[in-house]
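Undergrad: Sending over coords.tsv (TSV, C-alpha atoms and all ligand atoms).
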```tsv
chain	number	residue	atom	x	y	z
A	29	MET	CA	-21.81	15.97	16.03
A	30	GLN	CA	-21.70	17.02	12.40
A	31	LEU	CA	-18.82	18.35	10.38
A	32	ASP	CA	-18.73	20.47	7.26
A	33	PRO	CA	-15.59	19.50	5.29
A	34	SER	CA	-15.56	22.91	3.60
A	35	GLN	CA	-14.91	24.48	7.02
A	36	LEU	CA	-12.04	22.15	7.93
A	37	SER	CA	-8.36	22.46	7.07
A	38	VAL	CA	-6.90	19.72	4.87
A	39	ARG	CA	-4.95	18.48	7.87
A	40	ASP	CA	-8.04	18.23	10.08
A	41	MET	CA	-10.10	16.56	7.36
A	42	TYR	CA	-7.31	14.03	6.92
A	43	GLN	CA	-7.42	13.30	10.66
A	44	TRP	CA	-11.18	12.72	10.56
A	45	MET	CA	-10.79	10.44	7.57
A	46	ILE	CA	-8.01	8.27	9.00
A	47	HIS	CA	-9.83	7.98	12.33
A	48	THR	CA	-13.06	6.84	10.68
A	49	ILE	CA	-12.18	4.90	7.53
A	50	LEU	CA	-10.78	1.81	9.18
A	51	PRO	CA	-9.42	-0.79	9.49
A	52	ARG	CA	-7.40	0.00	6.38
A	53	PRO	CA	-5.32	-2.69	4.68
A	54	ILE	CA	-1.77	-1.65	3.91
A	55	ALA	CA	-0.26	-1.81	0.44
A	56	TRP	CA	3.50	-2.04	0.90
A	57	VAL	CA	4.46	-0.93	-2.59
A	58	SER	CA	7.78	-1.81	-4.19
A	59	THR	CA	8.92	0.01	-7.33
A	60	CYS	CA	12.09	0.68	-9.33
A	61	ASP	CA	13.26	3.90	-10.91
A	62	THR	CA	14.33	4.04	-14.55
A	63	THR	CA	17.87	2.97	-13.61
A	64	GLY	CA	16.63	-0.05	-11.63
A	65	ARG	CA	17.12	1.35	-8.12
A	66	THR	CA	14.51	-0.09	-5.76
A	67	ASN	CA	12.05	1.74	-3.51
A	68	ILE	CA	9.39	0.60	-1.06
A	69	ALA	CA	6.76	2.49	0.98
A	70	PRO	CA	3.44	1.78	2.73
A	71	PHE	CA	0.05	3.17	1.58
A	72	SER	CA	-3.16	2.55	3.51
A	73	PHE	CA	-5.55	4.35	1.19
A	74	PHE	CA	-5.63	1.06	-0.70
A	75	MET	CA	-8.29	-1.31	-1.98
A	76	GLY	CA	-9.20	-3.92	-4.57
A	77	VAL	CA	-11.30	-2.58	-7.46
A	78	CYS	CA	-12.55	-5.49	-9.58
A	79	ALA	CA	-11.56	-8.93	-10.90
A	80	LYS	CA	-12.40	-8.22	-14.58
A	81	PRO	CA	-9.69	-7.34	-15.28
A	82	PRO	CA	-7.93	-7.94	-11.93
A	83	THR	CA	-7.42	-4.41	-10.64
A	84	LEU	CA	-6.40	-2.72	-7.39
A	85	MET	CA	-5.74	0.87	-6.41
A	86	PHE	CA	-3.72	2.88	-3.90
A	87	CYS	CA	-3.41	6.61	-3.30
A	88	PRO	CA	-0.05	8.38	-2.95
A	89	VAL	CA	-0.72	12.04	-2.11
A	90	ASN	CA	1.80	14.69	-3.17
A	91	ASP	CA	4.40	15.63	-0.56
A	92	ARG	CA	4.30	18.90	1.35
A	93	PHE	CA	6.07	20.70	-1.47
A	94	GLY	CA	3.51	19.45	-3.99
A	95	LYS	CA	5.94	16.95	-5.51
A	96	PRO	CA	5.04	13.33	-6.27
A	97	LYS	CA	6.38	10.80	-3.78
A	98	ASP	CA	9.08	8.46	-5.12
A	99	THR	CA	6.57	5.62	-5.48
A	100	LEU	CA	4.31	7.67	-7.76
A	101	ARG	CA	7.26	8.99	-9.74
A	102	ASN	CA	8.60	5.46	-10.27
A	103	VAL	CA	5.19	4.07	-11.22
A	104	GLU	CA	4.68	6.86	-13.75
A	105	GLU	CA	8.12	6.29	-15.26
A	106	THR	CA	8.26	2.49	-15.29
A	107	ARG	CA	4.54	1.48	-15.18
A	108	GLN	CA	5.26	-1.42	-12.81
A	109	PHE	CA	4.88	-2.07	-9.08
A	110	VAL	CA	4.30	-4.80	-6.51
A	111	VAL	CA	1.79	-4.57	-3.66
A	112	ASN	CA	3.01	-6.65	-0.71
A	113	LEU	CA	0.66	-7.30	2.21
A	114	VAL	CA	2.05	-6.77	5.71
A	115	PRO	CA	1.99	-9.47	8.42
A	116	THR	CA	2.58	-8.59	12.08
A	117	ALA	CA	6.08	-10.06	11.80
A	118	LEU	CA	7.07	-7.34	9.31
A	119	CYS	CA	5.23	-4.37	10.88
A	120	GLU	CA	8.32	-2.60	12.20
A	121	SER	CA	10.16	-3.02	8.96
A	122	MET	CA	7.13	-1.64	7.08
A	123	ASN	CA	6.99	1.38	9.40
A	124	GLN	CA	10.68	2.16	8.84
A	125	THR	CA	10.11	2.30	5.09
A	126	ALA	CA	7.68	5.24	5.53
A	127	ALA	CA	10.77	7.43	6.05
A	128	SER	CA	11.32	9.97	3.28
A	129	LEU	CA	14.73	9.13	1.86
A	130	PRO	CA	16.32	11.05	-1.00
A	131	HIS	CA	15.09	9.91	-4.43
A	132	GLY	CA	17.13	6.91	-5.52
A	133	GLU	CA	18.10	5.74	-2.02
A	134	SER	CA	16.55	2.31	-1.51
A	135	GLU	CA	14.52	1.57	1.61
A	136	PHE	CA	15.18	-2.12	0.85
A	137	ASP	CA	18.92	-1.51	1.34
A	138	ARG	CA	18.70	1.11	4.09
A	139	PHE	CA	16.40	-0.94	6.35
A	140	GLY	CA	17.41	-4.44	5.27
A	141	VAL	CA	14.00	-5.39	3.86
A	142	PRO	CA	14.47	-8.90	2.43
A	143	ALA	CA	13.67	-9.04	-1.28
A	144	THR	CA	12.75	-11.84	-3.68
A	145	PRO	CA	12.79	-11.32	-7.47
A	146	SER	CA	9.34	-10.96	-8.99
A	147	LEU	CA	8.05	-13.15	-11.79
A	148	ARG	CA	6.68	-10.65	-14.33
A	149	VAL	CA	7.86	-7.19	-13.19
A	150	LYS	CA	11.19	-5.62	-12.31
A	151	PRO	CA	10.48	-4.41	-8.73
A	152	PRO	CA	11.17	-7.21	-6.23
A	153	ARG	CA	8.58	-8.46	-3.75
A	154	VAL	CA	9.12	-8.67	-0.01
A	155	THR	CA	10.32	-12.02	1.30
A	156	GLY	CA	7.97	-13.06	4.12
A	157	SER	CA	4.97	-11.14	2.85
A	158	PRO	CA	2.24	-13.81	2.65
A	159	VAL	CA	0.62	-12.26	-0.43
A	160	ALA	CA	2.11	-10.10	-3.18
A	161	PHE	CA	0.41	-8.68	-6.28
A	162	GLU	CA	2.65	-7.93	-9.25
A	163	CYS	CA	1.05	-5.06	-11.16
A	164	GLU	CA	1.28	-3.12	-14.36
A	165	LEU	CA	0.01	0.45	-14.32
A	166	ASP	CA	-3.53	0.76	-15.63
A	167	ARG	CA	-3.98	4.51	-15.12
A	168	ILE	CA	-3.36	7.35	-12.70
A	169	VAL	CA	-6.24	9.63	-11.81
A	170	ARG	CA	-5.24	13.03	-10.46
A	171	ILE	CA	-7.69	14.33	-7.89
A	172	SER	CA	-5.94	17.61	-7.05
A	173	GLU	CA	-2.64	19.44	-7.46
A	174	GLY	CA	-0.09	20.92	-5.05
A	175	PRO	CA	0.79	19.90	-1.47
A	176	ALA	CA	-1.31	16.92	-0.27
A	177	GLY	CA	-2.87	16.73	-3.75
A	178	GLY	CA	-4.47	13.35	-4.37
A	179	ASN	CA	-3.54	10.72	-6.95
A	180	VAL	CA	-5.15	7.35	-7.46
A	181	VAL	CA	-2.97	4.65	-9.01
A	182	PHE	CA	-4.88	1.79	-10.61
A	183	GLY	CA	-2.86	-1.37	-11.21
A	184	ARG	CA	-3.60	-4.45	-13.29
A	185	ILE	CA	-2.63	-7.56	-11.32
A	186	ILE	CA	-0.56	-9.74	-13.65
A	187	ALA	CA	0.84	-12.21	-11.08
A	188	LEU	CA	-0.27	-13.18	-7.58
A	189	HIS	CA	1.94	-14.86	-4.98
A	190	VAL	CA	0.42	-16.59	-1.97
A	191	GLU	CA	2.52	-18.39	0.63
A	192	ASP	CA	1.37	-22.01	0.87
A	193	SER	CA	1.59	-21.76	4.67
A	194	VAL	CA	-1.36	-19.31	4.85
A	195	LEU	CA	-3.77	-21.50	2.92
A	196	GLY	CA	-6.71	-22.88	4.88
A	197	PRO	CA	-8.48	-26.23	4.47
A	198	ASP	CA	-10.59	-24.82	1.59
A	199	GLY	CA	-7.43	-23.97	-0.38
A	200	LEU	CA	-7.92	-20.21	0.03
A	201	PRO	CA	-5.93	-17.82	2.23
A	202	ASP	CA	-6.96	-17.98	5.86
A	203	ALA	CA	-7.11	-14.57	7.59
A	204	ALA	CA	-5.73	-15.87	10.89
A	205	ARG	CA	-2.76	-17.53	9.19
A	206	MET	CA	-1.96	-14.42	7.16
A	207	ASP	CA	-1.92	-12.33	10.36
A	208	LEU	CA	-2.07	-9.04	8.47
A	209	ILE	CA	-1.97	-5.71	10.25
A	210	ALA	CA	-4.34	-2.89	9.40
A	211	ARG	CA	-4.00	0.84	9.90
A	212	ALA	CA	-6.26	2.86	12.18
A	213	GLY	CA	-5.95	6.54	13.18
A	214	GLY	CA	-2.72	8.22	14.27
A	215	ASP	CA	-0.02	5.72	15.15
A	216	LEU	CA	-2.51	2.93	15.84
A	217	TYR	CA	-2.62	-0.36	14.01
A	218	LEU	CA	-5.09	-3.21	14.37
A	219	HIS	CA	-4.13	-6.86	14.33
A	220	LYS	CA	-5.41	-10.27	15.28
A	221	ALA	CA	-8.92	-9.21	14.26
A	222	GLN	CA	-11.65	-11.55	15.47
A	223	ALA	CA	-13.56	-13.31	12.71
A	224	LEU	CA	-17.34	-12.97	12.50
A	225	ARG	CA	-19.23	-15.28	10.14
A	226	MET	CA	-22.46	-14.07	8.57
A	227	GLU	CA	-24.23	-15.65	5.62
A	228	ARG	CA	-25.29	-13.32	2.84
A	229	PRO	CA	-28.96	-13.19	1.88
A	230	ASP	CA	-29.82	-14.51	-1.60
B	301	LIG	C1	0.96	2.58	7.53
B	301	LIG	C2	1.20	3.76	6.65
B	301	LIG	C3	0.29	4.09	5.67
B	301	LIG	C4	0.51	5.17	4.81
B	301	LIG	N1	-0.42	5.45	3.87
B	301	LIG	C5	-0.20	6.45	2.98
B	301	LIG	C6	-1.15	6.73	1.94
B	301	LIG	O1	-2.18	6.06	1.80
B	301	LIG	N2	-0.85	7.73	1.08
B	301	LIG	C7	0.31	8.45	1.16
B	301	LIG	O2	0.55	9.32	0.33
B	301	LIG	N3	1.23	8.21	2.15
B	301	LIG	C8	1.00	7.23	3.04
B	301	LIG	N4	1.92	6.95	4.01
B	301	LIG	C9	3.18	7.73	4.02
B	301	LIG	C10	4.20	7.20	3.00
B	301	LIG	O3	4.52	5.85	3.26
B	301	LIG	C11	5.48	8.05	3.08
B	301	LIG	O4	5.17	9.37	2.64
B	301	LIG	C12	6.65	7.51	2.30
B	301	LIG	O5	7.81	8.24	2.62
B	301	LIG	C13	6.48	7.58	0.80
B	301	LIG	O6	7.64	7.01	0.26
B	301	LIG	P1	8.16	7.24	-1.22
B	301	LIG	O7	8.52	8.73	-1.34
B	301	LIG	O8	9.35	6.35	-1.30
B	301	LIG	O9	7.06	6.88	-2.17
B	301	LIG	C14	1.69	5.93	4.93
B	301	LIG	C15	2.63	5.61	5.94
B	301	LIG	C16	2.38	4.54	6.80
B	301	LIG	C17	3.36	4.21	7.87
```
Could I get this structure in the form of structure tokens?
TA:
Amino acid sequence: MQLDPSQLSVRDMYQWMIHTILPRPIAWVSTCDTTGRTNIAPFSFFMGVCAKPPTLMFCPVNDRFGKPKDTLRNVEETRQFVVNLVPTALCESMNQTAASLPHGESEFDRFGVPATPSLRVKPPRVTGSPVAFECELDRIVRISEGPAGGNVVFGRIIALHVEDSVLGPDGLPDAARMDLIARAGGDLYLHKAQALRMERPD
């Protein structure tokens, strides 16, 4: 089967993308608005970019009215955010925070997401998330305008939290101990992925 993206609706193309680009890690992004009110939402179009300087990215699309989601608005206004990774234990809480609440209403408060103050940025991190990246905005790249328009947020990692309990014998995070969930297509998530070791050629 072959598909020509130019013949597909945006909605259908999105379906093909989320059913093929997987497993996707989830950035559970906490932000504050200019008055300090907190916000948190999940984003699975998310990836690391490079370590020099330490950079990651995630992609909040515009809402169906063409408006920026609260996360993007807050990041643009305050230039700070935290990417929390999501363990199985917090998956339901993460899912609840995908609800679209009115701007300024905190998903932390509404859904009782436990928060811990961050070290270098104002938005709190999620208590119980095994890894959290405190970020300052590097840049936003606008891919398209209007409803479902794409935006890529690049963040400079300025502090990294790792729970001691997920460290393996080599002193680095152990995937099994982190027990992160990943997003697949539709409402499906993947977890407890089996490890496969393969040495890289020189
Ligand atoms: C697991 C998961 C992954 C998601 N990934 C994205 C994404 O990559 N981009 C996006 O724009 N929305 C994504 N969403 C939807 C947003 O979380 C949702 O629109 C949310 O209400 C945005 O909140 P905000 O307005 O507070 O920023 C995802 C939702 C879930 C549950």
Undergrad: Ligand LIG 301 (chain B): which residues are within 8 Å, counting only C-alpha atoms and all ligand atoms? Reply as a ChimeraX atom specification.
TA: /A:54-55,67-74,86-91,96-101,122-129,131,135,176,178,210-211,217
Undergrad: So the first atom is CA of Leu84 (chain A) and the second is CA of His189 (chain A); what is the distance between them in Å, to one decimal place?
TA: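 Computed distance, CA of Leu84 (chain A) to CA of His189 (chain A), equals 14.9 Å.
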Undergrad: Smallest atom-to-atom distance to Arg148 (chain A): which of A:Ile185, A:Ala203, A:Cys60, A:Ala223, using only C-alpha atoms?
TA: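 Distance minimum relative to Arg148 (chain A) lands on A:Ile185.
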Undergrad: Mind pulling up the distance from CA of Lys95 (chain A) to CA of Gly177 (chain A)?
TA: 9.0 Å
Undergrad: Using only C-alpha atoms, which of the listed residues (A:Leu50, A:Val77, A:Leu200, A:Gly132) sits closest to Ala212 (chain A)?
TA: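 Once distances to Ala212 (chain A) are computed over only C-alpha atoms, the minimum belongs to A:Leu50.
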Undergrad: Can you measure CA of Phe109 (chain A) to CA of Ser134 (chain A) for me? One decimal in Å is fine.
TA: 14.6 Å
Undergrad: Point out the residue among A:Ser146, A:Thr83, A:Thr63, A:Thr155 with the least atom-to-atom distance to Val114 (chain A), counting all atoms listed in the file.
TA: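 That would be A:Thr155, the residue with the smallest distance to Val114 (chain A).
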Undergrad: Out of A:Gln222, A:Asn112, A:Ser37, A:Ser157, which residue has the shortest atom-to-atom distance to Ser193 (chain A) when counting all atoms listed in the file?
TA: A:Ser157
Undergrad: Under the rule that all atoms listed in the file are counted, which of A:Val154, A:Met85, A:Leu31, A:Met41 is the nearest residue to Thr59 (chain A)?
TA: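 Nearest to Thr59 (chain A): A:Val154.
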Undergrad: Using only C-alpha atoms, which of A:Pro151, A:Gly196, A:Gly76, A:Gly214 sits nearest Asn102 (chain A)?
TA: A:Pro151
Undergrad: I want to know what sits within 6 Å of region 162-165 of chain A, based on all atoms listed in the file, with residues of the same chain fewer than 5 positions away left out; could you give that as an mmCIF file with C-alpha atoms, in the coordinates of the input?
TA:
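Okay, this is what ended up in result-v3.cif:
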```
data_model
loop_
_atom_site.group_PDB
_atom_site.id
_atom_site.type_symbol
_atom_site.label_atom_id
_atom_site.label_comp_id
_atom_site.auth_asym_id
_atom_site.auth_seq_id
_atom_site.Cartn_x
_atom_site.Cartn_y
_atom_site.Cartn_z
ATOM 1 C CA ARG A 107 4.540 1.480 -15.180
ATOM 2 C CA GLN A 108 5.260 -1.420 -12.810
ATOM 3 C CA PHE A 109 4.880 -2.070 -9.080
ATOM 4 C CA VAL A 110 4.300 -4.800 -6.510
ATOM 5 C CA GLY A 183 -2.860 -1.370 -11.210
ATOM 6 C CA ARG A 184 -3.600 -4.450 -13.290
ATOM 7 C CA ILE A 185 -2.630 -7.560 -11.320
ATOM 8 C CA ILE A 186 -0.560 -9.740 -13.650
ATOM 9 C CA ALA A 187 0.840 -12.210 -11.080
#
```
Undergrad: Which polymer residues have any atom within 12 Å of an atom of Asp192 (chain A), counting all atoms listed in the file, with same-chain residues fewer than 4 positions away left out, as a list in words?
TA: Gly156, Ser157, Pro158, Val159, Gly196, Pro197, Gly199, Leu200, Pro201, Asp202, Arg205 and Met206 of chain A
Undergrad: Quick one: residues within 7 Å of Pro152 (chain A), all atoms listed in the file counted, chain neighbours fewer than 3 positions away excluded, as an NGL selection string?
TA: :A and (58 or 143-146)
Undergrad: I'd like the box whose edges run along x, y and z of the file and which contains every listed atom of region 214-227 of chain A, padded by 4 Å per side; could you state its centre and edge lengths in Å, one decimal, as AutoDock Vina command-line options?
TA:
```
--center_x -12.1 --center_y -3.7 --center_z 10.7 --size_x 32.2 --size_y 31.9 --size_z 18.2
```
Undergrad: Can you rebuild region 98-117 of chain A with N, CA and C atoms and give it as a PDB file, in the frame of the given file?
TA:
```
ATOM      1  N   ASP A  98       8.243   9.308  -4.253  1.00  0.00           N
ATOM      2  CA  ASP A  98       9.080   8.460  -5.120  1.00  0.00           C
ATOM      3  C   ASP A  98       8.264   7.320  -5.748  1.00  0.00           C
ATOM      4  N   THR A  99       7.366   6.746  -4.965  1.00  0.00           N
ATOM      5  CA  THR A  99       6.570   5.620  -5.480  1.00  0.00           C
ATOM      6  C   THR A  99       5.792   6.053  -6.724  1.00  0.00           C
ATOM      7  N   LEU A 100       5.119   7.194  -6.623  1.00  0.00           N
ATOM      8  CA  LEU A 100       4.310   7.670  -7.760  1.00  0.00           C
ATOM      9  C   LEU A 100       5.206   7.987  -8.957  1.00  0.00           C
ATOM     10  N   ARG A 101       6.327   8.650  -8.665  1.00  0.00           N
ATOM     11  CA  ARG A 101       7.260   8.990  -9.740  1.00  0.00           C
ATOM     12  C   ARG A 101       7.732   7.709 -10.460  1.00  0.00           C
ATOM     13  N   ASN A 102       8.106   6.706  -9.663  1.00  0.00           N
ATOM     14  CA  ASN A 102       8.600   5.460 -10.270  1.00  0.00           C
ATOM     15  C   ASN A 102       7.498   4.752 -11.070  1.00  0.00           C
ATOM     16  N   VAL A 103       6.289   4.745 -10.517  1.00  0.00           N
ATOM     17  CA  VAL A 103       5.190   4.070 -11.220  1.00  0.00           C
ATOM     18  C   VAL A 103       4.898   4.777 -12.546  1.00  0.00           C
ATOM     19  N   GLU A 104       4.928   6.107 -12.511  1.00  0.00           N
ATOM     20  CA  GLU A 104       4.680   6.860 -13.750  1.00  0.00           C
ATOM     21  C   GLU A 104       5.757   6.555 -14.785  1.00  0.00           C
ATOM     22  N   GLU A 105       7.006   6.457 -14.320  1.00  0.00           N
ATOM     23  CA  GLU A 105       8.120   6.290 -15.260  1.00  0.00           C
ATOM     24  C   GLU A 105       8.290   4.857 -15.757  1.00  0.00           C
ATOM     25  N   THR A 106       7.969   3.879 -14.904  1.00  0.00           N
ATOM     26  CA  THR A 106       8.260   2.490 -15.290  1.00  0.00           C
ATOM     27  C   THR A 106       7.005   1.643 -15.501  1.00  0.00           C
ATOM     28  N   ARG A 107       5.839   2.136 -15.008  1.00  0.00           N
ATOM     29  CA  ARG A 107       4.540   1.480 -15.180  1.00  0.00           C
ATOM     30  C   ARG A 107       4.469   0.099 -14.514  1.00  0.00           C
ATOM     31  N   GLN A 108       5.308  -0.129 -13.509  1.00  0.00           N
ATOM     32  CA  GLN A 108       5.260  -1.420 -12.810  1.00  0.00           C
ATOM     33  C   GLN A 108       5.365  -1.215 -11.301  1.00  0.00           C
ATOM     34  N   PHE A 109       4.711  -2.087 -10.529  1.00  0.00           N
ATOM     35  CA  PHE A 109       4.880  -2.070  -9.080  1.00  0.00           C
ATOM     36  C   PHE A 109       4.394  -3.384  -8.494  1.00  0.00           C
ATOM     37  N   VAL A 110       4.775  -3.617  -7.234  1.00  0.00           N
ATOM     38  CA  VAL A 110       4.300  -4.800  -6.510  1.00  0.00           C
ATOM     39  C   VAL A 110       3.648  -4.327  -5.221  1.00  0.00           C
ATOM     40  N   VAL A 111       2.439  -4.829  -4.946  1.00  0.00           N
ATOM     41  CA  VAL A 111       1.790  -4.570  -3.660  1.00  0.00           C
ATOM     42  C   VAL A 111       2.005  -5.791  -2.777  1.00  0.00           C
ATOM     43  N   ASN A 112       2.760  -5.582  -1.688  1.00  0.00           N
ATOM     44  CA  ASN A 112       3.010  -6.650  -0.710  1.00  0.00           C
ATOM     45  C   ASN A 112       2.100  -6.410   0.477  1.00  0.00           C
ATOM     46  N   LEU A 113       1.476  -7.463   1.007  1.00  0.00           N
ATOM     47  CA  LEU A 113       0.660  -7.300   2.210  1.00  0.00           C
ATOM     48  C   LEU A 113       1.556  -7.487   3.439  1.00  0.00           C
ATOM     49  N   VAL A 114       1.145  -6.889   4.556  1.00  0.00           N
ATOM     50  CA  VAL A 114       2.050  -6.770   5.710  1.00  0.00           C
ATOM     51  C   VAL A 114       1.589  -7.621   6.905  1.00  0.00           C
ATOM     52  N   PRO A 115       2.316  -8.689   7.228  1.00  0.00           N
ATOM     53  CA  PRO A 115       1.990  -9.470   8.420  1.00  0.00           C
ATOM     54  C   PRO A 115       2.587  -8.808   9.661  1.00  0.00           C
ATOM     55  N   THR A 116       2.071  -9.165  10.829  1.00  0.00           N
ATOM     56  CA  THR A 116       2.580  -8.590  12.080  1.00  0.00           C
ATOM     57  C   THR A 116       4.102  -8.706  12.159  1.00  0.00           C
ATOM     58  N   ALA A 117       4.637  -9.830  11.696  1.00  0.00           N
ATOM     59  CA  ALA A 117       6.080 -10.060  11.800  1.00  0.00           C
ATOM     60  C   ALA A 117       6.903  -8.999  11.071  1.00  0.00           C
TER      61      ALA A 117
END
```
